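Participant: Okay, so here is coords07.txt, and as you'll see once you scroll down, it has compact mmCIF, C-alpha atoms.
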# COMPACT_ATOMS: atom_id res chain seq x y z
CA MET A 1 -13.38 8.97 -12.02
CA THR A 2 -16.20 9.69 -14.52
CA LYS A 3 -18.21 7.96 -17.23
CA ASN A 4 -17.67 8.84 -20.87
CA GLU A 5 -20.37 8.75 -23.56
CA GLY A 6 -19.83 5.07 -24.23
CA GLY A 7 -20.58 4.27 -20.60
CA LYS A 8 -17.04 3.16 -19.85
CA THR A 9 -15.22 4.32 -16.76
CA LYS A 10 -12.77 7.14 -17.42
CA TYR A 11 -9.92 7.68 -14.96
CA ASP A 12 -7.83 10.74 -14.25
CA LEU A 13 -4.46 9.04 -14.54
CA ARG A 14 -2.86 11.86 -12.54
CA GLU A 15 -4.76 10.64 -9.46
CA LYS A 16 -3.73 7.01 -9.88
CA LEU A 17 -0.06 7.79 -9.36
CA ILE A 18 0.81 8.68 -5.76
CA LEU A 19 4.21 10.32 -5.49
CA SER A 20 6.02 9.39 -2.29
CA VAL A 21 7.72 12.57 -1.11
CA ASP A 22 10.45 10.87 0.93
CA MET A 23 12.90 13.76 1.10
CA ASP A 24 14.98 15.27 3.89
CA ASP A 25 15.05 18.72 2.29
CA THR A 26 11.66 20.39 2.70
CA ALA A 27 12.53 23.26 0.37
CA ALA A 28 13.38 20.73 -2.36
CA ALA A 29 10.13 18.88 -1.63
CA TYR A 30 8.05 22.03 -2.08
CA SER A 31 9.95 22.87 -5.27
CA LEU A 32 9.30 19.39 -6.66
CA ILE A 33 5.59 19.62 -5.87
CA ASP A 34 5.40 22.99 -7.63
CA LYS A 35 7.06 21.45 -10.68
CA LEU A 36 4.95 18.29 -10.84
CA GLY A 37 1.61 19.52 -9.46
CA ALA A 38 0.01 19.71 -12.90
CA TYR A 39 0.98 16.09 -13.64
CA VAL A 40 0.67 14.34 -10.27
CA LYS A 41 -2.40 15.03 -8.14
CA TYR A 42 -1.73 12.63 -5.23
CA TYR A 43 1.18 12.80 -2.78
CA LYS A 44 2.24 10.46 0.01
CA ILE A 45 3.59 12.18 3.09
CA GLY A 46 5.48 9.54 5.05
CA LEU A 47 7.13 9.31 8.43
CA GLN A 48 10.17 11.39 7.53
CA LEU A 49 8.21 14.45 6.41
CA ILE A 50 5.44 13.94 8.97
CA THR A 51 8.10 14.19 11.66
CA LYS A 52 9.90 17.11 10.06
CA ASP A 53 7.14 19.25 8.55
CA GLY A 54 3.90 17.24 8.46
CA PRO A 55 1.07 19.69 9.19
CA ARG A 56 2.53 22.51 7.09
CA MET A 57 3.24 20.14 4.20
CA VAL A 58 -0.30 18.74 4.26
CA MET A 59 -1.90 22.19 4.41
CA THR A 60 0.29 23.44 1.56
CA LEU A 61 -0.73 20.51 -0.63
CA LYS A 62 -4.42 21.01 0.17
CA ARG A 63 -4.23 24.72 -0.64
CA LYS A 64 -2.86 23.77 -4.05
CA GLY A 65 -5.88 21.52 -4.64
CA LEU A 66 -3.79 18.33 -4.40
CA LYS A 67 -4.62 15.07 -2.62
CA VAL A 68 -2.77 13.67 0.36
CA PHE A 69 -2.09 10.12 1.49
CA TYR A 70 -1.08 10.54 5.15
CA ASP A 71 1.25 7.57 5.53
CA ALA A 72 1.60 7.56 9.33
CA LYS A 73 1.03 3.82 9.79
CA PHE A 74 -0.53 4.27 13.22
CA TYR A 75 0.05 1.32 15.53
CA ASP A 76 -0.81 1.73 19.21
CA ILE A 77 -3.56 1.04 21.72
CA PRO A 78 -7.05 1.73 20.29
CA GLN A 79 -7.71 4.99 22.15
CA THR A 80 -4.37 6.47 21.13
CA VAL A 81 -4.99 5.54 17.50
CA TYR A 82 -8.48 7.05 17.73
CA ASN A 83 -6.98 10.32 18.99
CA ALA A 84 -4.26 10.40 16.32
CA SER A 85 -6.73 9.60 13.53
CA TYR A 86 -9.08 12.30 14.79
CA GLU A 87 -6.30 14.90 14.60
CA ALA A 88 -5.05 13.76 11.17
CA ALA A 89 -8.53 13.99 9.66
CA ARG A 90 -8.75 17.64 10.69
CA PHE A 91 -6.14 18.46 8.02
CA GLY A 92 -8.47 17.23 5.28
CA VAL A 93 -6.22 14.37 4.15
CA ASN A 94 -7.69 11.97 1.61
CA MET A 95 -6.21 8.67 2.79
CA ILE A 96 -4.62 7.51 6.03
CA ASN A 97 -3.29 4.17 7.16
CA VAL A 98 -2.78 1.99 10.22
CA HIS A 99 -0.95 -1.31 10.65
CA ALA A 100 -3.45 -4.14 10.24
CA SER A 101 -1.50 -6.16 12.81
CA GLY A 102 -2.76 -3.72 15.46
CA GLY A 103 -5.98 -5.71 15.44
CA PRO A 104 -9.67 -5.18 14.72
CA GLU A 105 -10.42 -2.96 17.72
CA MET A 106 -7.60 -0.58 16.82
CA ILE A 107 -8.76 -0.41 13.19
CA ALA A 108 -12.38 0.18 14.24
CA ARG A 109 -11.34 2.98 16.59
CA ALA A 110 -9.25 4.59 13.85
CA LYS A 111 -12.33 4.61 11.63
CA GLU A 112 -14.41 6.14 14.42
CA GLY A 113 -11.84 8.89 14.90
CA LEU A 114 -11.80 9.73 11.20
CA LEU A 115 -15.59 9.88 10.98
CA ALA A 116 -16.04 11.93 14.15
CA SER A 117 -13.43 14.49 13.15
CA SER A 118 -14.65 14.76 9.56
CA GLU A 119 -18.23 15.28 10.71
CA LYS A 120 -17.17 18.03 13.10
CA MET A 121 -15.02 19.74 10.45
CA ARG A 122 -17.63 19.15 7.71
CA LEU A 123 -15.08 17.36 5.55
CA GLU A 124 -15.27 14.21 3.46
CA PRO A 125 -13.84 11.40 5.63
CA PRO A 126 -10.44 10.07 4.57
CA LYS A 127 -10.26 6.51 3.30
CA LEU A 128 -8.82 4.20 5.94
CA LEU A 129 -6.22 1.72 4.72
CA ALA A 130 -4.68 -1.16 6.62
CA VAL A 131 -1.03 -1.96 5.95
CA THR A 132 -0.72 -5.74 5.54
CA VAL A 133 2.81 -7.07 4.94
CA LEU A 134 5.54 -4.54 4.19
CA THR A 135 7.01 -4.84 0.70
CA SER A 136 10.46 -5.12 2.29
CA MET A 137 9.43 -8.53 3.68
CA ASP A 138 8.84 -11.86 1.98
CA THR A 139 7.70 -15.29 3.16
CA LYS A 140 11.16 -16.12 4.50
CA ASP A 141 11.17 -12.96 6.61
CA ILE A 142 7.71 -13.67 8.01
CA LYS A 143 8.71 -17.13 9.11
CA LYS A 144 11.96 -15.91 10.63
CA THR A 145 10.52 -12.83 12.37
CA LEU A 146 7.14 -14.10 13.52
CA GLY A 147 7.94 -17.78 13.86
CA VAL A 148 4.90 -18.83 11.84
CA SER A 149 4.69 -21.07 8.79
CA ILE A 150 2.55 -18.90 6.53
CA SER A 151 3.29 -17.37 3.15
CA ALA A 152 3.34 -13.62 2.57
CA LYS A 153 0.27 -13.93 0.33
CA ASP A 154 -1.73 -15.87 2.92
CA MET A 155 -0.73 -13.37 5.61
CA VAL A 156 -1.92 -10.49 3.42
CA LEU A 157 -5.29 -12.17 2.86
CA ARG A 158 -5.71 -12.96 6.55
CA LEU A 159 -4.97 -9.38 7.59
CA ALA A 160 -7.10 -7.92 4.79
CA ALA A 161 -10.12 -9.99 5.85
CA MET A 162 -9.77 -8.83 9.43
CA ALA A 163 -9.28 -5.19 8.37
CA LYS A 164 -12.33 -5.15 6.12
CA LYS A 165 -14.51 -6.61 8.84
CA ALA A 166 -13.23 -3.93 11.23
CA GLY A 167 -14.21 -1.12 8.85
CA ALA A 168 -11.14 -0.42 6.71
CA ASP A 169 -11.82 0.86 3.19
CA GLY A 170 -8.88 -1.00 1.73
CA VAL A 171 -5.34 -2.21 2.19
CA VAL A 172 -1.76 -1.44 1.37
CA CYS A 173 -0.14 -4.54 -0.09
CA SER A 174 2.55 -5.49 -2.56
CA PRO A 175 1.76 -5.82 -6.27
CA GLN A 176 1.97 -9.59 -6.01
CA GLU A 177 -1.20 -9.75 -3.87
CA ILE A 178 -3.39 -7.35 -5.87
CA LYS A 179 -5.33 -9.97 -7.81
CA LEU A 180 -5.85 -12.13 -4.72
CA VAL A 181 -7.22 -9.22 -2.67
CA LYS A 182 -9.54 -8.03 -5.44
CA LYS A 183 -10.83 -11.54 -6.07
CA GLU A 184 -11.45 -12.18 -2.38
CA PHE A 185 -12.87 -8.81 -1.28
CA GLY A 186 -14.32 -7.19 -4.39
CA ARG A 187 -13.54 -4.29 -6.67
CA ASP A 188 -14.68 -1.64 -4.19
CA PHE A 189 -12.11 -2.68 -1.59
CA ILE A 190 -9.24 -0.26 -2.29
CA VAL A 191 -5.77 -1.57 -3.04
CA VAL A 192 -2.87 0.85 -2.75
CA THR A 193 0.38 -0.61 -3.98
CA PRO A 194 3.94 0.40 -3.11
CA GLY A 195 6.89 -1.70 -4.30
CA ILE A 196 6.66 -0.20 -7.78
CA ARG A 197 9.87 -0.37 -9.79
CA MET A 198 10.60 0.28 -13.43
CA ASP A 199 11.81 -2.62 -15.57
CA ASN A 200 15.41 -3.58 -14.83
CA ALA A 201 15.62 -1.05 -12.00
CA LYS A 202 17.23 -1.75 -8.65
CA LYS A 203 14.73 -3.03 -6.10
CA ASN A 204 16.63 -1.42 -3.18
CA ASP A 205 14.95 -2.71 0.00
CA GLN A 206 11.80 -3.84 -1.83
CA LYS A 207 11.29 -7.58 -2.38
CA ARG A 208 7.79 -8.00 -3.85
CA THR A 209 7.62 -5.66 -6.82
CA MET A 210 6.04 -4.97 -10.23
CA ASN A 211 6.26 -2.20 -12.79
CA PRO A 212 3.40 0.38 -13.09
CA ARG A 213 1.72 -1.25 -16.08
CA GLU A 214 1.67 -4.69 -14.45
CA ALA A 215 0.30 -3.36 -11.15
CA ILE A 216 -2.55 -1.45 -12.78
CA ALA A 217 -3.38 -4.38 -15.06
CA ALA A 218 -3.55 -6.60 -11.97
CA GLY A 219 -6.19 -4.30 -10.46
CA ALA A 220 -4.39 -1.77 -8.26
CA ASP A 221 -6.45 1.34 -7.55
CA PHE A 222 -3.37 3.45 -6.82
CA ILE A 223 0.36 2.91 -7.20
CA VAL A 224 2.90 4.58 -4.91
CA VAL A 225 6.16 5.58 -6.55
CA GLY A 226 9.08 7.26 -4.83
CA ARG A 227 12.69 6.57 -5.72
CA PRO A 228 12.16 5.88 -9.47
CA ILE A 229 10.91 9.48 -9.75
CA LEU A 230 12.98 11.18 -7.04
CA GLN A 231 16.24 9.71 -8.35
CA ALA A 232 15.49 10.28 -12.04
CA PRO A 233 17.69 12.87 -13.85
CA ASP A 234 14.53 14.21 -15.51
CA LYS A 235 11.69 13.78 -13.01
CA LEU A 236 8.96 15.11 -15.28
CA GLU A 237 10.00 12.73 -18.06
CA MET A 238 9.83 9.83 -15.60
CA VAL A 239 6.37 10.90 -14.41
CA GLU A 240 5.14 11.02 -18.00
CA LYS A 241 6.60 7.57 -18.65
CA ILE A 242 4.82 6.15 -15.60
CA LEU A 243 1.52 7.79 -16.54
CA ASN A 244 1.78 6.19 -19.99
CA MET A 245 2.43 2.80 -18.36
CA ILE A 246 -0.64 3.30 -16.15
CA LYS A 247 -2.68 4.03 -19.27
CA GLU A 248 -1.35 0.85 -20.86
CA GLY A 249 -2.27 -1.10 -17.75
CA TYR A 250 -5.88 0.06 -17.96
CA SER A 251 -6.02 -0.84 -21.66
CA GLU A 252 -5.15 -4.43 -20.74
Now that the file is in, can you turn its structure into structure tokens?

Facilitator:
Amino acid sequence: MTKNEGGKTKYDLREKLILSVDMDDTAAAYSLIDKLGAYVKYYKIGLQLITKDGPRMVMTLKRKGLKVFYDAKFYDIPQTVYNASYEAARFGVNMINVHASGGPEMIARAKEGLLASSEKMRLEPPKLLAVTVLTSMDTKDIKKTLGVSISAKDMVLRLAAMAKKAGADGVVCSPQEIKLVKKEFGRDFIVVTPGIRMDNAKKNDQKRTMNPREAIAAGADFIVVGRPILQAPDKLEMVEKILNMIKEGYSE
């Protein structure tokens, strides 16, 4: 992110789109990254690839000069999360997340682990994100699963407030809560948004969605896109379409 001559903020749109590499074929994943690396600079490595090929995948991306969102969603006792965060930061990842519902002590210990490891390795610390309410859940699911009478939006705000106080740099939330989070916690509190679908596309298991233009216009710092790109007949064409929609979102 830089300033142009007019003093306005200029964004590298290629870093605003995070491609979710949710693939069971690692060779295909590496091939896709080689093909799209000039157009997409940020990649989300989730639980499937972390389990199958995590460290090698992260190191390959870093060697290519690309950015990594390490989507491990740590959720355990504070010391265990400290240890896991410490190890993840050693890879030089750019963002990492924990479940906000793990509580303030767990989040604080995750932050400590990231900072301690980054200092030792002389790396820039990864941004710590707290996952609020999964985009596969809505208010009905929260009430049914947790037995509480609270809306998805109110739950997101409650968890975000706790996470920020505990030291998180931002949150992962659905597009529908972007404006609320930004209004409540300020522009510098990062919002990473999954649940991105193209107009008229199938939502699959996502319930709280928006298209790329709408999410960026609402204030998202990053959008995470997986299936709309991975399932597209022409993946590069889809990436270019999404980047144009991101540009339109900023113009609004």

Participant: Mind pulling up the distance from CA of Leu32 (chain A) to CA of Ala232 (chain A)?

Facilitator: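 Distance between the two atoms: 12.3 Å.
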
Participant: Need to verify the contact set: Lys120 (chain A), 12 Å, only C-alpha atoms, exclusion of same-chain residues closer than 4 positions in sequence. Can you return it as a PyMOL selection string?

Facilitator: chain A and resi 86-87+89-90+92+113-116+124-125

Participant: Closest to Tyr250 (chain A) among A:His99, A:Arg213, A:Lys41, A:Lys179, using all atoms listed in the file?

Facilitator: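 Residue with the minimum atom-to-atom distance to Tyr250 (chain A): A:Arg213.
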
Participant: Name all residues at most 10 Å from region 242-246 of chain A (count all atoms listed in the file; drop same-chain ones fewer than 3 positions away) and give them as an mmCIF file with C-alpha atoms, in the coordinates of the input.

Facilitator:
data_model
loop_
_atom_site.group_PDB
_atom_site.id
_atom_site.type_symbol
_atom_site.label_atom_id
_atom_site.label_comp_id
_atom_site.auth_asym_id
_atom_site.auth_seq_id
_atom_site.Cartn_x
_atom_site.Cartn_y
_atom_site.Cartn_z
ATOM 1 C CA LEU A 13 -4.460 9.040 -14.540
ATOM 2 C CA ARG A 14 -2.860 11.860 -12.540
ATOM 3 C CA GLU A 15 -4.760 10.640 -9.460
ATOM 4 C CA LYS A 16 -3.730 7.010 -9.880
ATOM 5 C CA LEU A 17 -0.060 7.790 -9.360
ATOM 6 C CA TYR A 39 0.980 16.090 -13.640
ATOM 7 C CA VAL A 40 0.670 14.340 -10.270
ATOM 8 C CA MET A 198 10.600 0.280 -13.430
ATOM 9 C CA ASN A 211 6.260 -2.200 -12.790
ATOM 10 C CA PRO A 212 3.400 0.380 -13.090
ATOM 11 C CA ARG A 213 1.720 -1.250 -16.080
ATOM 12 C CA GLU A 214 1.670 -4.690 -14.450
ATOM 13 C CA ALA A 215 0.300 -3.360 -11.150
ATOM 14 C CA ILE A 216 -2.550 -1.450 -12.780
ATOM 15 C CA ALA A 217 -3.380 -4.380 -15.060
ATOM 16 C CA PHE A 222 -3.370 3.450 -6.820
ATOM 17 C CA ILE A 223 0.360 2.910 -7.200
ATOM 18 C CA VAL A 225 6.160 5.580 -6.550
ATOM 19 C CA PRO A 228 12.160 5.880 -9.470
ATOM 20 C CA ILE A 229 10.910 9.480 -9.750
ATOM 21 C CA LEU A 236 8.960 15.110 -15.280
ATOM 22 C CA GLU A 237 10.000 12.730 -18.060
ATOM 23 C CA MET A 238 9.830 9.830 -15.600
ATOM 24 C CA VAL A 239 6.370 10.900 -14.410
ATOM 25 C CA GLY A 249 -2.270 -1.100 -17.750
ATOM 26 C CA TYR A 250 -5.880 0.060 -17.960
ATOM 27 C CA SER A 251 -6.020 -0.840 -21.660
#

Participant: Would you mind reading off the distance between CA of Val21 (chain A) and CA of Tyr43 (chain A), one decimal, in Å?

Facilitator: 6.8 Å

Participant: Choose the residue, out of A:Asp12, A:Asp199, A:Asp221, A:Asp34, that has the smallest atom-to-atom separation from Cys173 (chain A); count all atoms listed in the file.

Facilitator: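 Nearest to Cys173 (chain A): A:Asp221.
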
Participant: So how many Å separate CA of Val192 (chain A) and CA of Gly147 (chain A), to one decimal?

Facilitator: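 Computed distance, CA of Val192 (chain A) to CA of Gly147 (chain A), equals 27.2 Å.
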
Participant: Taking 5 positions as the minimum chain separation for residues in the same chain, which residues sit within 9 Å of Val58 (chain A) when counting only C-alpha atoms? Answer as number ranges by chain.

Facilitator: A: 45, 50, 53, 63, 67-68, 70, 91-93

Participant: Of the candidates A:Val98, A:Ala218, A:Ala130, A:Met106, which one gets nearest to Pro175 (chain A) if we count all atoms listed in the file?

Facilitator: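 Of A:Val98, A:Ala218, A:Ala130, A:Met106, the one nearest Pro175 (chain A) is A:Ala218, counting all atoms listed in the file.
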
Participant: Would you list the residues near (-9.2, 6.1, 15.3) (no more than 8 Å away, in the coordinates of the file, using all atoms listed in the file) as a list in words?

Facilitator: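 Within the cut-off we find Pro78, Gln79, Thr80, Val81, Tyr82, Asn83, Ala84, Ser85, Tyr86, Met106, Ile107, Ala108, Arg109, Ala110, Lys111, Glu112, Gly113 and Leu114 of chain A.
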
Participant: With only C-alpha atoms counted and 8 Å as the cut-off, give the residues of region 24-142 of chain A in contact with region 155-166 of chain A, each with its shortest interatomic distance in Å and the pair that gives it, as a tab-separated table.

Facilitator:
residue	atom	partner	partner_atom	distance
A:Ala100	CA	A:Leu159	CA	6.1
A:Ser101	CA	A:Leu159	CA	7.0
A:Gly103	CA	A:Met162	CA	7.8
A:Pro104	CA	A:Ala166	CA	5.1
A:Glu105	CA	A:Ala166	CA	7.1
A:Ile107	CA	A:Ala166	CA	6.0
A:Ala108	CA	A:Ala166	CA	5.2
A:Ala130	CA	A:Ala163	CA	6.4
A:Thr132	CA	A:Val156	CA	5.3
A:Val133	CA	A:Val156	CA	6.0

Participant: Neighbouring residues of Asn97 (chain A) were defined as those with any atom within 9 Å, considering only C-alpha atoms; residues of the same chain fewer than 4 positions away were excluded. Please report them as a list in words.

Facilitator: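 In the requested format, the answer is Phe69, Tyr70, Asp71, Ala72, Lys73, Phe74, Ala110, Lys127, Leu128, Leu129, Ala130, Val131, Val171 and Val172 of chain A.
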
Participant: Go through A:Ile18, A:Glu184, A:Asp25, A:Lys247 and flag the residue nearest Ile196 (chain A), using only C-alpha atoms for the distances.

Facilitator: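 Nearest candidate to Ile196 (chain A) out of A:Ile18, A:Glu184, A:Asp25, A:Lys247: A:Ile18.
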
Participant: Which one of A:Lys241, A:Arg122, A:Lys44, A:Arg187 sits closest to Gly219 (chain A) if you count only C-alpha atoms?

Facilitator: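 Checking each of A:Lys241, A:Arg122, A:Lys44, A:Arg187 against Gly219 (chain A), counting only C-alpha atoms, the winner is A:Arg187.
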
Participant: From the set A:Met121, A:Leu134, A:Met57, A:Ile96, which residue has the shortest atom-to-atom contact distance to Asp169 (chain A), counting all atoms listed in the file?

Facilitator: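 The answer is A:Ile96, which sits nearest to Asp169 (chain A).
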
Participant: Do you know which residues lie at most 10 Å from (2.7, 23.9, -6.7), with coordinates as in the file and only C-alpha atoms counted, and could you write them as a VMD selection string?

Facilitator: chain A and resid 30 to 38 60 to 61 63 to 66

Participant: Write the residues of the preceding selection, restricted to C-alpha atoms, as an mmCIF file, in the coordinates of the input.

Facilitator:
data_model
loop_
_atom_site.group_PDB
_atom_site.id
_atom_site.type_symbol
_atom_site.label_atom_id
_atom_site.label_comp_id
_atom_site.auth_asym_id
_atom_site.auth_seq_id
_atom_site.Cartn_x
_atom_site.Cartn_y
_atom_site.Cartn_z
ATOM 1 C CA TYR A 30 8.050 22.030 -2.080
ATOM 2 C CA SER A 31 9.950 22.870 -5.270
ATOM 3 C CA LEU A 32 9.300 19.390 -6.660
ATOM 4 C CA ILE A 33 5.590 19.620 -5.870
ATOM 5 C CA ASP A 34 5.400 22.990 -7.630
ATOM 6 C CA LYS A 35 7.060 21.450 -10.680
ATOM 7 C CA LEU A 36 4.950 18.290 -10.840
ATOM 8 C CA GLY A 37 1.610 19.520 -9.460
ATOM 9 C CA ALA A 38 0.010 19.710 -12.900
ATOM 10 C CA THR A 60 0.290 23.440 1.560
ATOM 11 C CA LEU A 61 -0.730 20.510 -0.630
ATOM 12 C CA ARG A 63 -4.230 24.720 -0.640
ATOM 13 C CA LYS A 64 -2.860 23.770 -4.050
ATOM 14 C CA GLY A 65 -5.880 21.520 -4.640
ATOM 15 C CA LEU A 66 -3.790 18.330 -4.400
#

Participant: Could you list, as a VMD selection string, every residue within 12 Å of Met137 (chain A), counting all atoms listed in the file and ignoring same-chain residues fewer than 2 positions away?

Facilitator: chain A and resid 132 to 135 139 to 146 151 to 153 155 to 156 173 to 174 195 205 to 209
